[in-house]
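Trainee: What follows is run-v3.tsv, made up of TSV, C-alpha atoms:
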chain	number	residue	atom	x	y	z
A	1	MET	CA	-10.35	142.79	-114.83
A	2	ASN	CA	-8.59	145.45	-112.76
A	3	ILE	CA	-7.06	148.50	-114.47
A	4	LEU	CA	-5.15	151.10	-112.48
A	5	VAL	CA	-5.59	154.51	-114.13
A	6	ILE	CA	-2.88	157.10	-113.45
A	7	ASN	CA	-2.91	160.83	-114.18
A	8	ALA	CA	0.47	162.19	-113.09
A	9	GLY	CA	1.31	165.86	-112.66
A	10	SER	CA	4.62	167.43	-111.72
A	11	SER	CA	3.89	167.19	-107.97
A	12	SER	CA	0.66	165.22	-107.89
A	13	LEU	CA	-0.81	161.91	-108.98
A	14	LYS	CA	-4.50	161.07	-109.36
A	15	TYR	CA	-5.48	157.41	-109.51
A	16	GLN	CA	-8.49	155.14	-109.93
A	17	LEU	CA	-8.87	151.36	-109.89
A	18	LEU	CA	-11.63	150.27	-112.27
A	19	ASP	CA	-13.13	147.21	-113.87
A	20	PRO	CA	-13.53	148.36	-117.50
A	21	GLU	CA	-15.89	145.52	-118.35
A	22	THR	CA	-18.49	146.52	-115.74
A	23	GLY	CA	-17.54	150.16	-115.28
A	24	VAL	CA	-17.30	149.57	-111.53
A	25	LEU	CA	-15.00	151.93	-109.62
A	26	LYS	CA	-13.21	150.09	-106.81
A	27	ALA	CA	-11.06	152.88	-105.36
A	28	LYS	CA	-9.71	156.31	-106.18
A	29	GLY	CA	-7.54	158.95	-104.62
A	30	LEU	CA	-4.83	161.53	-104.89
A	31	CYS	CA	-1.16	161.92	-104.04
A	32	GLU	CA	-0.32	165.59	-103.52
A	33	ARG	CA	2.80	167.62	-102.72
A	34	ILE	CA	5.14	164.95	-104.08
A	35	GLY	CA	8.70	166.01	-103.37
A	36	ILE	CA	7.54	168.33	-100.59
A	37	ASP	CA	5.73	166.87	-97.58
A	38	GLY	CA	3.48	164.25	-99.22
A	39	LYS	CA	-0.30	164.15	-98.72
A	40	PHE	CA	-2.13	160.91	-99.54
A	41	THR	CA	-5.86	160.38	-100.05
A	42	TYR	CA	-7.52	157.00	-100.56
A	43	LYS	CA	-11.24	156.46	-101.11
A	44	PRO	CA	-12.32	152.82	-101.45
A	45	ALA	CA	-15.67	152.31	-103.16
A	46	VAL	CA	-16.35	149.11	-101.20
A	47	GLU	CA	-18.68	149.06	-98.22
A	48	GLY	CA	-16.94	148.61	-94.89
A	49	LYS	CA	-13.57	149.89	-96.13
A	50	ALA	CA	-12.25	153.03	-94.46
A	51	PRO	CA	-10.83	155.97	-96.45
A	52	GLN	CA	-7.66	157.92	-95.77
A	53	ASN	CA	-7.85	161.68	-96.08
A	54	ALA	CA	-4.71	163.77	-96.73
A	55	VAL	CA	-2.52	161.52	-94.61
A	56	ASP	CA	1.14	162.55	-94.27
A	57	ILE	CA	3.23	160.01	-96.20
A	58	PRO	CA	6.82	160.64	-97.34
A	59	MET	CA	6.81	160.96	-101.14
A	60	PRO	CA	10.17	162.30	-102.27
A	61	THR	CA	9.44	161.00	-105.80
A	62	HIS	CA	6.55	159.58	-107.81
A	63	SER	CA	7.83	156.06	-107.10
A	64	GLU	CA	6.99	156.46	-103.41
A	65	ALA	CA	3.60	157.86	-104.42
A	66	ILE	CA	2.86	154.80	-106.57
A	67	GLN	CA	4.01	152.55	-103.73
A	68	ALA	CA	1.63	154.35	-101.35
A	69	VAL	CA	-1.23	153.75	-103.80
A	70	LEU	CA	-0.43	150.05	-104.08
A	71	ASN	CA	-0.05	149.69	-100.31
A	72	ALA	CA	-3.51	151.14	-99.81
A	73	LEU	CA	-5.09	148.99	-102.52
A	74	VAL	CA	-3.77	145.75	-100.96
A	75	ASP	CA	-4.04	146.79	-97.31
A	76	PRO	CA	-5.33	143.73	-95.35
A	77	GLU	CA	-7.96	145.79	-93.54
A	78	ASN	CA	-9.13	148.46	-95.98
A	79	GLY	CA	-7.71	147.43	-99.35
A	80	VAL	CA	-9.84	146.31	-102.31
A	81	LEU	CA	-7.32	143.79	-103.72
A	82	SER	CA	-5.75	140.76	-102.11
A	83	SER	CA	-2.40	141.29	-103.88
A	84	MET	CA	-0.70	143.46	-106.50
A	85	SER	CA	-0.89	140.54	-108.93
A	86	GLU	CA	-4.60	141.36	-109.33
A	87	ILE	CA	-3.70	144.54	-111.20
A	88	ASP	CA	-3.91	143.47	-114.84
A	89	ALA	CA	-2.58	146.66	-116.42
A	90	VAL	CA	-1.98	150.37	-115.90
A	91	GLY	CA	-3.50	153.08	-118.11
A	92	HIS	CA	-1.86	156.50	-118.18
A	93	ARG	CA	-3.29	159.80	-119.28
A	94	VAL	CA	-0.67	161.43	-121.52
A	95	VAL	CA	-1.46	164.95	-122.65
A	96	HIS	CA	0.38	165.26	-125.96
A	97	GLY	CA	1.03	162.61	-128.58
A	98	GLY	CA	1.74	165.00	-131.45
A	99	GLU	CA	1.24	163.48	-134.89
A	100	SER	CA	2.80	160.20	-133.76
A	101	PHE	CA	-0.29	158.82	-132.03
A	102	ALA	CA	-3.80	158.75	-133.45
A	103	ALA	CA	-4.90	156.17	-130.88
A	104	SER	CA	-3.95	154.82	-127.48
A	105	ALA	CA	-0.80	152.70	-127.51
A	106	LEU	CA	1.07	150.06	-125.54
A	107	ILE	CA	4.03	151.58	-123.72
A	108	THR	CA	7.38	150.30	-125.03
A	109	PRO	CA	10.89	151.83	-125.01
A	110	ASP	CA	10.49	153.03	-128.61
A	111	MET	CA	7.06	154.45	-127.86
A	112	MET	CA	8.46	156.34	-124.87
A	113	LYS	CA	11.02	158.01	-127.13
A	114	ALA	CA	8.16	159.25	-129.34
A	115	VAL	CA	6.34	160.63	-126.29
A	116	GLU	CA	9.51	162.38	-125.10
A	117	ALA	CA	9.84	163.96	-128.54
A	118	CYS	CA	6.50	165.68	-127.87
A	119	ASN	CA	7.78	167.31	-124.65
A	120	PRO	CA	8.40	170.69	-126.32
A	121	LEU	CA	4.70	170.77	-127.31
A	122	ALA	CA	3.53	170.20	-123.71
A	123	PRO	CA	6.43	171.11	-121.42
A	124	LEU	CA	4.27	171.33	-118.29
A	125	HIS	CA	2.44	168.05	-118.81
A	126	ASN	CA	4.31	165.40	-120.83
A	127	PRO	CA	7.42	165.25	-118.62
A	128	ALA	CA	5.17	164.67	-115.60
A	129	ASN	CA	3.24	161.96	-117.46
A	130	ILE	CA	6.54	160.25	-118.32
A	131	ILE	CA	7.61	160.40	-114.68
A	132	GLY	CA	4.38	158.62	-113.73
A	133	ILE	CA	5.02	155.88	-116.31
A	134	ASN	CA	8.58	155.36	-115.15
A	135	ALA	CA	7.48	155.28	-111.51
A	136	CYS	CA	4.95	152.53	-112.25
A	137	THR	CA	7.61	150.51	-114.07
A	138	ALA	CA	9.99	150.92	-111.13
A	139	VAL	CA	7.41	149.70	-108.60
A	140	LEU	CA	5.36	147.15	-110.58
A	141	GLY	CA	8.11	145.85	-112.84
A	142	GLU	CA	8.08	145.37	-116.59
A	143	ASP	CA	5.71	142.39	-116.57
A	144	VAL	CA	2.62	144.54	-115.90
A	145	PRO	CA	1.58	146.05	-119.25
A	146	GLN	CA	1.08	149.81	-119.41
A	147	VAL	CA	-0.87	151.84	-121.96
A	148	ALA	CA	-0.76	155.55	-122.85
A	149	VAL	CA	-4.05	157.26	-123.68
A	150	PHE	CA	-3.47	160.64	-125.33
A	151	ASP	CA	-5.56	163.80	-124.96
A	152	THR	CA	-4.63	164.70	-128.53
A	153	ALA	CA	-5.24	161.34	-130.24
A	154	PHE	CA	-8.97	161.75	-130.91
A	155	HIS	CA	-8.32	164.98	-132.79
A	156	GLN	CA	-5.82	163.45	-135.22
A	157	THR	CA	-8.74	162.88	-137.61
A	158	MET	CA	-9.10	166.64	-138.15
A	159	PRO	CA	-8.62	167.57	-141.81
A	160	GLU	CA	-5.67	169.70	-142.83
A	161	VAL	CA	-7.91	172.70	-143.43
A	162	ALA	CA	-8.95	172.61	-139.76
A	163	TYR	CA	-5.63	171.97	-138.06
A	164	MET	CA	-3.26	174.20	-140.03
A	165	TYR	CA	-2.31	177.73	-138.91
A	166	ALA	CA	-2.02	180.53	-141.47
A	167	ILE	CA	1.67	181.10	-140.78
A	168	PRO	CA	4.65	180.29	-143.06
A	169	TYR	CA	4.31	176.63	-143.97
A	170	GLU	CA	7.88	175.80	-142.99
A	171	TYR	CA	6.91	176.09	-139.31
A	172	TYR	CA	4.64	173.11	-139.82
A	173	GLU	CA	7.17	171.22	-141.93
A	174	ASN	CA	10.06	171.81	-139.54
A	175	ASP	CA	8.39	172.09	-136.14
A	176	LYS	CA	4.92	170.53	-136.53
A	177	LEU	CA	3.26	173.74	-135.34
A	178	ARG	CA	-0.45	173.11	-135.87
A	179	ARG	CA	-3.69	172.75	-133.95
A	180	TYR	CA	-3.73	169.51	-131.94
A	181	GLY	CA	-6.62	169.96	-129.52
A	182	PHE	CA	-7.09	168.47	-126.07
A	183	HIS	CA	-9.73	166.80	-123.86
A	184	GLY	CA	-9.94	164.20	-126.62
A	185	THR	CA	-10.67	161.33	-124.24
A	186	SER	CA	-13.64	163.23	-122.81
A	187	HIS	CA	-14.97	164.29	-126.22
A	188	ARG	CA	-14.72	160.70	-127.46
A	189	PHE	CA	-16.47	159.31	-124.38
A	190	VAL	CA	-19.44	161.71	-124.35
A	191	SER	CA	-19.97	161.62	-128.12
A	192	ALA	CA	-20.23	157.82	-127.93
A	193	ARG	CA	-22.65	158.09	-125.02
A	194	ALA	CA	-24.68	160.66	-126.97
A	195	ALA	CA	-25.06	158.23	-129.86
A	196	ALA	CA	-26.20	155.55	-127.41
A	197	MET	CA	-28.76	157.93	-125.89
A	198	LEU	CA	-30.07	158.79	-129.35
A	199	GLY	CA	-30.18	155.13	-130.34
A	200	LYS	CA	-28.32	155.76	-133.58
A	201	PRO	CA	-24.93	154.70	-134.95
A	202	ILE	CA	-22.36	157.38	-134.21
A	203	GLU	CA	-21.20	157.02	-137.82
A	204	GLU	CA	-24.47	158.67	-138.88
A	205	LEU	CA	-24.43	161.63	-136.47
A	206	LYS	CA	-23.14	165.18	-136.23
A	207	ILE	CA	-22.46	166.04	-132.60
A	208	ILE	CA	-21.02	169.12	-130.89
A	209	THR	CA	-19.48	168.26	-127.54
A	210	CYS	CA	-18.84	171.05	-125.02
A	211	HIS	CA	-16.33	170.13	-122.31
A	212	LEU	CA	-16.72	173.13	-120.01
A	213	GLY	CA	-14.82	173.56	-116.77
A	214	ASN	CA	-11.77	175.41	-115.50
A	215	GLY	CA	-10.27	174.26	-118.79
A	216	SER	CA	-12.80	174.26	-121.63
A	217	SER	CA	-12.93	173.05	-125.22
A	218	ILE	CA	-15.54	172.34	-127.86
A	219	CYS	CA	-15.35	169.64	-130.50
A	220	ALA	CA	-17.17	168.97	-133.75
A	221	VAL	CA	-17.69	165.20	-134.05
A	222	GLN	CA	-18.89	164.03	-137.45
A	223	ASN	CA	-19.49	160.34	-138.11
A	224	GLY	CA	-17.67	159.49	-134.87
A	225	LYS	CA	-14.54	161.48	-135.74
A	226	SER	CA	-13.22	164.82	-134.53
A	227	VAL	CA	-13.25	167.25	-137.44
A	228	ASP	CA	-12.51	170.45	-135.50
A	229	THR	CA	-11.83	171.58	-131.95
A	230	SER	CA	-11.33	174.87	-130.15
A	231	MET	CA	-7.96	174.30	-128.43
A	232	GLY	CA	-4.85	174.50	-130.55
A	233	LEU	CA	-1.14	173.80	-130.29
A	234	THR	CA	-1.61	174.30	-126.55
A	235	PRO	CA	-4.64	174.36	-124.22
A	236	LEU	CA	-4.47	178.17	-124.18
A	237	ALA	CA	-6.54	178.60	-127.34
A	238	GLY	CA	-10.29	178.71	-127.83
A	239	LEU	CA	-12.76	179.75	-125.16
A	240	PRO	CA	-11.97	182.07	-122.25
A	241	MET	CA	-11.49	179.63	-119.35
A	242	GLY	CA	-10.94	179.78	-115.62
A	243	THR	CA	-7.60	181.59	-115.86
A	244	ARG	CA	-6.70	181.18	-119.57
A	245	SER	CA	-7.43	183.94	-122.05
A	246	GLY	CA	-8.54	181.79	-124.96
A	247	ASP	CA	-8.32	183.23	-128.48
A	248	MET	CA	-7.10	186.80	-128.74
A	249	ASP	CA	-5.25	189.24	-131.00
A	250	ALA	CA	-1.51	188.61	-130.67
A	251	GLY	CA	-1.06	192.37	-130.93
A	252	VAL	CA	-2.44	192.66	-127.40
A	253	MET	CA	0.61	190.71	-126.20
A	254	GLU	CA	2.99	193.05	-128.00
A	255	TYR	CA	1.27	196.10	-126.50
A	256	ILE	CA	1.38	194.79	-122.91
A	257	MET	CA	4.97	193.57	-123.24
A	258	ASN	CA	6.20	196.90	-124.61
A	259	LYS	CA	4.27	199.22	-122.31
A	260	TYR	CA	4.70	197.29	-119.07
A	261	ASP	CA	8.14	195.79	-119.75
A	262	VAL	CA	6.89	192.21	-119.56
A	263	ASP	CA	9.02	189.42	-121.05
A	264	MET	CA	7.57	186.42	-122.89
A	265	LYS	CA	7.59	184.20	-119.81
A	266	GLY	CA	5.70	186.85	-117.89
A	267	MET	CA	3.26	187.35	-120.74
A	268	MET	CA	2.49	183.63	-120.95
A	269	ASN	CA	1.95	183.59	-117.19
A	270	ILE	CA	-0.59	186.40	-117.59
A	271	LEU	CA	-2.41	184.56	-120.41
A	272	ASN	CA	-2.39	181.18	-118.66
A	273	LYS	CA	-2.76	182.06	-114.98
A	274	LYS	CA	-4.28	185.54	-114.67
A	275	SER	CA	-6.74	185.84	-117.54
A	276	GLY	CA	-10.03	184.16	-118.47
A	277	VAL	CA	-13.06	184.68	-116.27
A	278	ALA	CA	-10.77	185.28	-113.29
A	279	GLY	CA	-9.06	188.17	-115.08
A	280	VAL	CA	-12.28	189.75	-116.31
A	281	SER	CA	-14.21	189.35	-113.06
A	282	GLY	CA	-11.42	190.05	-110.60
A	283	VAL	CA	-13.28	187.59	-108.38
A	284	SER	CA	-12.39	183.98	-109.10
A	285	SER	CA	-11.85	181.28	-111.71
A	286	ASP	CA	-14.66	179.26	-110.10
A	287	PHE	CA	-18.04	179.80	-111.75
A	288	ARG	CA	-19.80	179.23	-108.42
A	289	ASP	CA	-18.00	182.27	-107.03
A	290	LEU	CA	-18.97	184.22	-110.14
A	291	ASP	CA	-22.62	183.27	-109.63
A	292	ALA	CA	-22.51	184.55	-106.05
A	293	ALA	CA	-20.80	187.78	-107.08
A	294	ASP	CA	-23.22	188.27	-109.97
A	295	ALA	CA	-26.18	187.80	-107.61
A	296	ALA	CA	-24.67	190.49	-105.38
A	297	GLY	CA	-24.59	192.91	-108.30
A	298	ASN	CA	-20.98	192.54	-109.46
A	299	HIS	CA	-21.00	193.71	-113.09
A	300	ARG	CA	-17.60	192.23	-113.96
A	301	ALA	CA	-18.61	188.80	-112.69
A	302	ALA	CA	-21.75	188.95	-114.82
A	303	LEU	CA	-19.70	190.11	-117.81
A	304	ALA	CA	-17.22	187.23	-117.42
A	305	LYS	CA	-20.04	184.69	-117.53
A	306	GLN	CA	-21.67	186.44	-120.48
A	307	MET	CA	-18.40	186.44	-122.43
A	308	PHE	CA	-17.94	182.73	-121.76
A	309	CYS	CA	-21.47	181.84	-122.88
A	310	TYR	CA	-21.18	184.11	-125.93
A	311	ASP	CA	-18.06	182.33	-127.14
A	312	VAL	CA	-19.57	178.88	-126.51
A	313	LYS	CA	-22.59	179.88	-128.58
A	314	LYS	CA	-20.35	181.15	-131.41
A	315	TYR	CA	-18.43	177.87	-131.49
A	316	ILE	CA	-21.65	175.87	-131.57
A	317	GLY	CA	-22.85	177.92	-134.55
A	318	SER	CA	-19.55	177.71	-136.40
A	319	TYR	CA	-19.22	173.95	-135.92
A	320	ALA	CA	-22.79	173.39	-137.08
A	321	ALA	CA	-21.83	175.34	-140.20
A	322	ALA	CA	-18.61	173.34	-140.63
A	323	MET	CA	-20.48	170.03	-140.45
A	324	GLY	CA	-23.48	171.18	-142.46
A	325	GLY	CA	-25.85	170.70	-139.54
A	326	VAL	CA	-25.95	169.16	-136.08
A	327	ASP	CA	-27.96	166.36	-134.49
A	328	ALA	CA	-26.98	166.86	-130.85
A	329	ILE	CA	-25.24	169.33	-128.55
A	330	VAL	CA	-23.63	167.78	-125.46
A	331	PHE	CA	-22.63	169.56	-122.25
A	332	THR	CA	-20.10	167.90	-119.96
A	333	ALA	CA	-17.40	168.53	-117.29
A	334	GLY	CA	-17.72	170.68	-114.17
A	335	VAL	CA	-19.50	173.71	-115.60
A	336	GLY	CA	-21.22	171.88	-118.44
A	337	GLU	CA	-22.73	169.29	-116.09
A	338	ASN	CA	-23.59	171.52	-113.14
A	339	SER	CA	-24.75	174.92	-114.36
A	340	PRO	CA	-28.38	174.97	-115.54
A	341	ALA	CA	-28.35	178.76	-115.91
A	342	LEU	CA	-25.31	178.76	-118.19
A	343	ARG	CA	-26.73	175.91	-120.29
A	344	THR	CA	-29.86	178.01	-120.77
A	345	GLU	CA	-27.82	181.04	-121.80
A	346	MET	CA	-25.55	179.05	-124.14
A	347	THR	CA	-28.48	177.54	-126.06
A	348	SER	CA	-30.81	180.56	-126.14
A	349	GLY	CA	-31.18	182.18	-129.52
A	350	LEU	CA	-30.31	179.02	-131.43
A	351	GLU	CA	-33.87	178.44	-132.62
A	352	PHE	CA	-32.78	179.35	-136.17
A	353	MET	CA	-30.73	176.12	-136.29
A	354	GLY	CA	-33.44	173.91	-134.80
A	355	VAL	CA	-32.64	174.18	-131.07
A	356	ALA	CA	-35.87	174.77	-129.15
A	357	PRO	CA	-35.69	176.42	-125.69
A	358	ILE	CA	-34.53	173.69	-123.32
A	359	ASP	CA	-36.82	171.92	-120.84
A	360	GLN	CA	-36.19	173.80	-117.60
A	361	GLU	CA	-37.49	171.03	-115.35
A	362	LYS	CA	-35.09	168.47	-116.84
A	363	ASN	CA	-32.35	171.11	-116.94
A	364	GLN	CA	-32.27	171.11	-113.12
A	365	LEU	CA	-31.33	167.43	-112.91
A	366	ARG	CA	-27.74	166.63	-111.99
A	367	GLY	CA	-25.41	163.66	-111.80
A	368	SER	CA	-26.84	161.56	-114.60
A	369	GLU	CA	-27.26	161.48	-118.35
A	370	VAL	CA	-30.31	163.53	-119.28
A	371	ASP	CA	-31.93	164.86	-122.45
A	372	ILE	CA	-32.89	168.47	-121.70
A	373	SER	CA	-34.21	169.20	-125.19
A	374	GLY	CA	-37.28	171.38	-125.38
A	375	GLU	CA	-40.51	170.23	-126.99
A	376	GLY	CA	-40.22	169.98	-130.75
A	377	SER	CA	-36.45	170.55	-130.82
A	378	GLN	CA	-34.87	169.26	-134.01
A	379	VAL	CA	-31.47	169.20	-132.28
A	380	ARG	CA	-31.14	167.17	-129.09
A	381	VAL	CA	-29.49	168.92	-126.14
A	382	LEU	CA	-27.87	166.44	-123.75
A	383	VAL	CA	-26.07	166.59	-120.42
A	384	ILE	CA	-23.62	163.70	-120.08
A	385	PRO	CA	-21.20	163.33	-117.14
A	386	THR	CA	-17.78	162.63	-118.58
A	387	ASN	CA	-15.70	159.69	-117.39
A	388	GLU	CA	-12.22	159.99	-118.83
A	389	GLU	CA	-10.84	157.42	-116.38
A	390	LEU	CA	-13.29	154.77	-117.56
A	391	MET	CA	-12.40	155.56	-121.17
A	392	ILE	CA	-8.70	155.16	-120.33
A	393	ALA	CA	-9.43	151.86	-118.57
A	394	MET	CA	-11.47	150.59	-121.54
A	395	ASP	CA	-8.73	151.49	-124.02
A	396	THR	CA	-6.12	149.86	-121.81
A	397	ALA	CA	-8.12	146.65	-121.47
A	398	GLU	CA	-8.71	146.44	-125.23
A	399	ILE	CA	-5.00	146.82	-126.01
A	400	VAL	CA	-3.88	144.39	-123.30
A	401	LYS	CA	-6.36	141.71	-124.37
A	402	ALA	CA	-4.91	141.84	-127.87
A	403	LEU	CA	-1.38	141.05	-126.66
Show me the file's structure as structure tokens.

Mentor:
Amino acid sequence: MNILVINAGSSSLKYQLLDPETGVLKAKGLCERIGIDGKFTYKPAVEGKAPQNAVDIPMPTHSEAIQAVLNALVDPENGVLSSMSEIDAVGHRVVHGGESFAASALITPDMMKAVEACNPLAPLHNPANIIGINACTAVLGEDVPQVAVFDTAFHQTMPEVAYMYAIPYEYYENDKLRRYGFHGTSHRFVSARAAAMLGKPIEELKIITCHLGNGSSICAVQNGKSVDTSMGLTPLAGLPMGTRSGDMDAGVMEYIMNKYDVDMKGMMNILNKKSGVAGVSGVSSDFRDLDAADAAGNHRAALAKQMFCYDVKKYIGSYAAAMGGVDAIVFTAGVGENSPALRTEMTSGLEFMGVAPIDQEKNQLRGSEVDISGEGSQVRVLVIPTNEELMIAMDTAEIVKAL
């Protein structure tokens, strides 16, 4: 079975072609600068097939980008399909499903209206996701089924006590202002893999999954369901991230806006684009750059990393308390998978809750699922590479097979 996975942004489009039954990746790539000058990248995962790297291709809209993807996939010389008819379905990452979607769903006209209704909750993401869906329909036609897989869906199992904000209740009743959470596809994937690694049913486990990268979130997964997560109405909440502030006193906003004559749009730009570890360090949003600066004696770079690790550790402790214990802590995504030093820092001092110092030899391994738990640890500490695209493909295949 061949599933084309699409992750559309306002001027970009990431894609992968996967077989969800085997997990085999057949090709992947990126369409960039859509509506500008169009850069196309194609990387076939088949021996003897040549890639294309940032080739200039006119892409005035997402439809031309989708057409470029399909042309590459069926190219007689370097394609991985003999015809477009071999694409069984398309799976789309959609950021926000609001309260309408607690699971992935087949795309229909009525369903699209519900997704559009969530645009105010994710104005930078959902409109772009919708553009990607419409572009696929325009190029592939309506006979190829399409499925939306929502970042927020996994977190719809959170109890009311976890997702409500302590603001006047009418804002929830009238506007659905509440915590939704994000990275749900990743949290669902790695928690399922953690259960498999532990050899136990996920319905019997308490797992804390740490998706740590330029955007970061932590999730408490109890009995296979999300019961709390660090991001909120938007991805701005929770941990300090690459350029996002994470949780903070709203009074700080009022102070900056009044003193420096900053309007709300400018304030949100500061919190989303100029804060986080980049804002604290003054160096970069990339943790590799922070490591280099820290090694050179840059105090602010060291502080930014320490603040990040401190907040991760606090979330781990609070979610263990919320669930009444924890069986496994999982690290995933760019930072979570690739920073042994930060994993050490984020788990140090947790001996009181049964986390022994991690195995430093295993902690150096990269690129595969590995149990880095120290000897005698009552809580397993796991590193699991996330694969959101495979999760999207698997969901898409399951829904399409049921048609």

Trainee: Taking (-12.8, 174.9, -111.8) as a centre in this file's frame and 7 Å as the limit, can you find every polymer residue with an atom that close, using only C-alpha atoms, and give them as a ChimeraX atom specification?

Mentor: /A:213-214,242,285-286,334

Trainee: Rank nothing, just name the residue among A:Met268, A:Leu403, A:Val149, A:Val370 nearest to Glu337 (chain A), using only C-alpha atoms.

Mentor: A:Val370

Trainee: Quick one: residues within 7 Å of region 64-77 of chain A, all atoms listed in the file, excluding same-chain residues fewer than 6 positions away - as a ChimeraX atom specification?

Mentor: /A:31,83-84,135-136,139

Trainee: How would the residues just chosen look if you wrote them out with C-alpha atoms as a short mmCIF file (atom, residue, chain, number, x, y, z; two decimals), in the frame of the given file?

Mentor:
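Saved the output as result_31.cif:
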data_model
loop_
_atom_site.label_atom_id
_atom_site.label_comp_id
_atom_site.auth_asym_id
_atom_site.auth_seq_id
_atom_site.Cartn_x
_atom_site.Cartn_y
_atom_site.Cartn_z
CA CYS A 31 -1.16 161.92 -104.04
CA SER A 83 -2.40 141.29 -103.88
CA MET A 84 -0.70 143.46 -106.50
CA ALA A 135 7.48 155.28 -111.51
CA CYS A 136 4.95 152.53 -112.25
CA VAL A 139 7.41 149.70 -108.60
#

Trainee: So which one's closest to Ile34 (chain A), A:Lys305, A:His125, A:Arg244, A:Lys14? Using all atoms listed in the file, please.

Mentor: A:Lys14

Trainee: Excluding region 40-50 of chain A and its own-chain neighbours fewer than 5 positions away, which residues fall within 8 Å of it when counting all atoms listed in the file? Please give them as number ranges by chain.

Mentor: A: 25-32, 55-57, 68-69, 72, 77-80

Trainee: What does the distance between CA of Val227 (chain A) and CA of Phe150 (chain A) come to in Å, to one decimal place?

Mentor: 16.9 Å

Trainee: Name the closest residue to Ser339 (chain A) among the candidates A:Ala304, A:Ala194, A:Met257, A:Leu290; distances are taken between atoms, counting only C-alpha atoms.

Mentor: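 Between A:Ala304, A:Ala194, A:Met257, A:Leu290, the residue approaching Ser339 (chain A) most closely is A:Leu290.
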
Trainee: Kindly indicate which residue among A:Leu4, A:Val95, A:Ile208, A:Ile131 lies nearest to Ser230 (chain A), using all atoms listed in the file for the distances.

Mentor: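 Looking at the shortest contact to Ser230 (chain A), the residue is A:Ile208.
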
Trainee: At the level of N, CA, C and O atoms, write region 203-214 of chain A to a file as an mmCIF file, in the first residue's frame, please.

Mentor:
data_model
loop_
_atom_site.group_PDB
_atom_site.id
_atom_site.type_symbol
_atom_site.label_atom_id
_atom_site.label_comp_id
_atom_site.auth_asym_id
_atom_site.auth_seq_id
_atom_site.Cartn_x
_atom_site.Cartn_y
_atom_site.Cartn_z
ATOM 1 N N GLU A 203 -2.248 -0.155 28.048
ATOM 2 C CA GLU A 203 -3.375 0.116 28.941
ATOM 3 C C GLU A 203 -3.016 -0.081 30.416
ATOM 4 O O GLU A 203 -3.799 0.269 31.300
ATOM 5 N N GLU A 204 -1.824 -0.630 30.672
ATOM 6 C CA GLU A 204 -1.408 -0.877 32.056
ATOM 7 C C GLU A 204 -0.253 0.031 32.489
ATOM 8 O O GLU A 204 0.290 -0.124 33.584
ATOM 9 N N LEU A 205 0.105 1.007 31.645
ATOM 10 C CA LEU A 205 1.322 1.781 31.889
ATOM 11 C C LEU A 205 1.051 3.264 32.120
ATOM 12 O O LEU A 205 0.063 3.825 31.628
ATOM 13 N N LYS A 206 1.974 3.880 32.852
ATOM 14 C CA LYS A 206 2.022 5.328 33.030
ATOM 15 C C LYS A 206 3.334 5.808 32.420
ATOM 16 O O LYS A 206 4.410 5.453 32.894
ATOM 17 N N ILE A 207 3.215 6.609 31.358
ATOM 18 C CA ILE A 207 4.384 7.000 30.576
ATOM 19 C C ILE A 207 4.420 8.526 30.447
ATOM 20 O O ILE A 207 3.394 9.163 30.203
ATOM 21 N N ILE A 208 5.611 9.095 30.598
ATOM 22 C CA ILE A 208 5.811 10.525 30.345
ATOM 23 C C ILE A 208 6.653 10.659 29.093
ATOM 24 O O ILE A 208 7.787 10.181 29.040
ATOM 25 N N THR A 209 6.084 11.260 28.058
ATOM 26 C CA THR A 209 6.785 11.403 26.790
ATOM 27 C C THR A 209 7.256 12.847 26.635
ATOM 28 O O THR A 209 6.478 13.794 26.805
ATOM 29 N N CYS A 210 8.533 13.013 26.307
ATOM 30 C CA CYS A 210 9.152 14.330 26.192
ATOM 31 C C CYS A 210 9.576 14.550 24.745
ATOM 32 O O CYS A 210 10.601 14.013 24.296
ATOM 33 N N HIS A 211 8.762 15.303 24.014
ATOM 34 C CA HIS A 211 9.061 15.665 22.620
ATOM 35 C C HIS A 211 9.824 16.989 22.671
ATOM 36 O O HIS A 211 9.235 18.051 22.862
ATOM 37 N N LEU A 212 11.142 16.910 22.516
ATOM 38 C CA LEU A 212 11.998 18.065 22.752
ATOM 39 C C LEU A 212 12.755 18.441 21.493
ATOM 40 O O LEU A 212 13.551 17.653 20.966
ATOM 41 N N GLY A 213 12.497 19.644 20.996
ATOM 42 C CA GLY A 213 13.171 20.131 19.806
ATOM 43 C C GLY A 213 13.066 21.641 19.772
ATOM 44 O O GLY A 213 13.029 22.289 20.821
ATOM 45 N N ASN A 214 13.016 22.228 18.592
ATOM 46 C CA ASN A 214 12.813 23.669 18.505
ATOM 47 C C ASN A 214 11.447 24.045 19.083
ATOM 48 O O ASN A 214 11.276 25.084 19.705
#
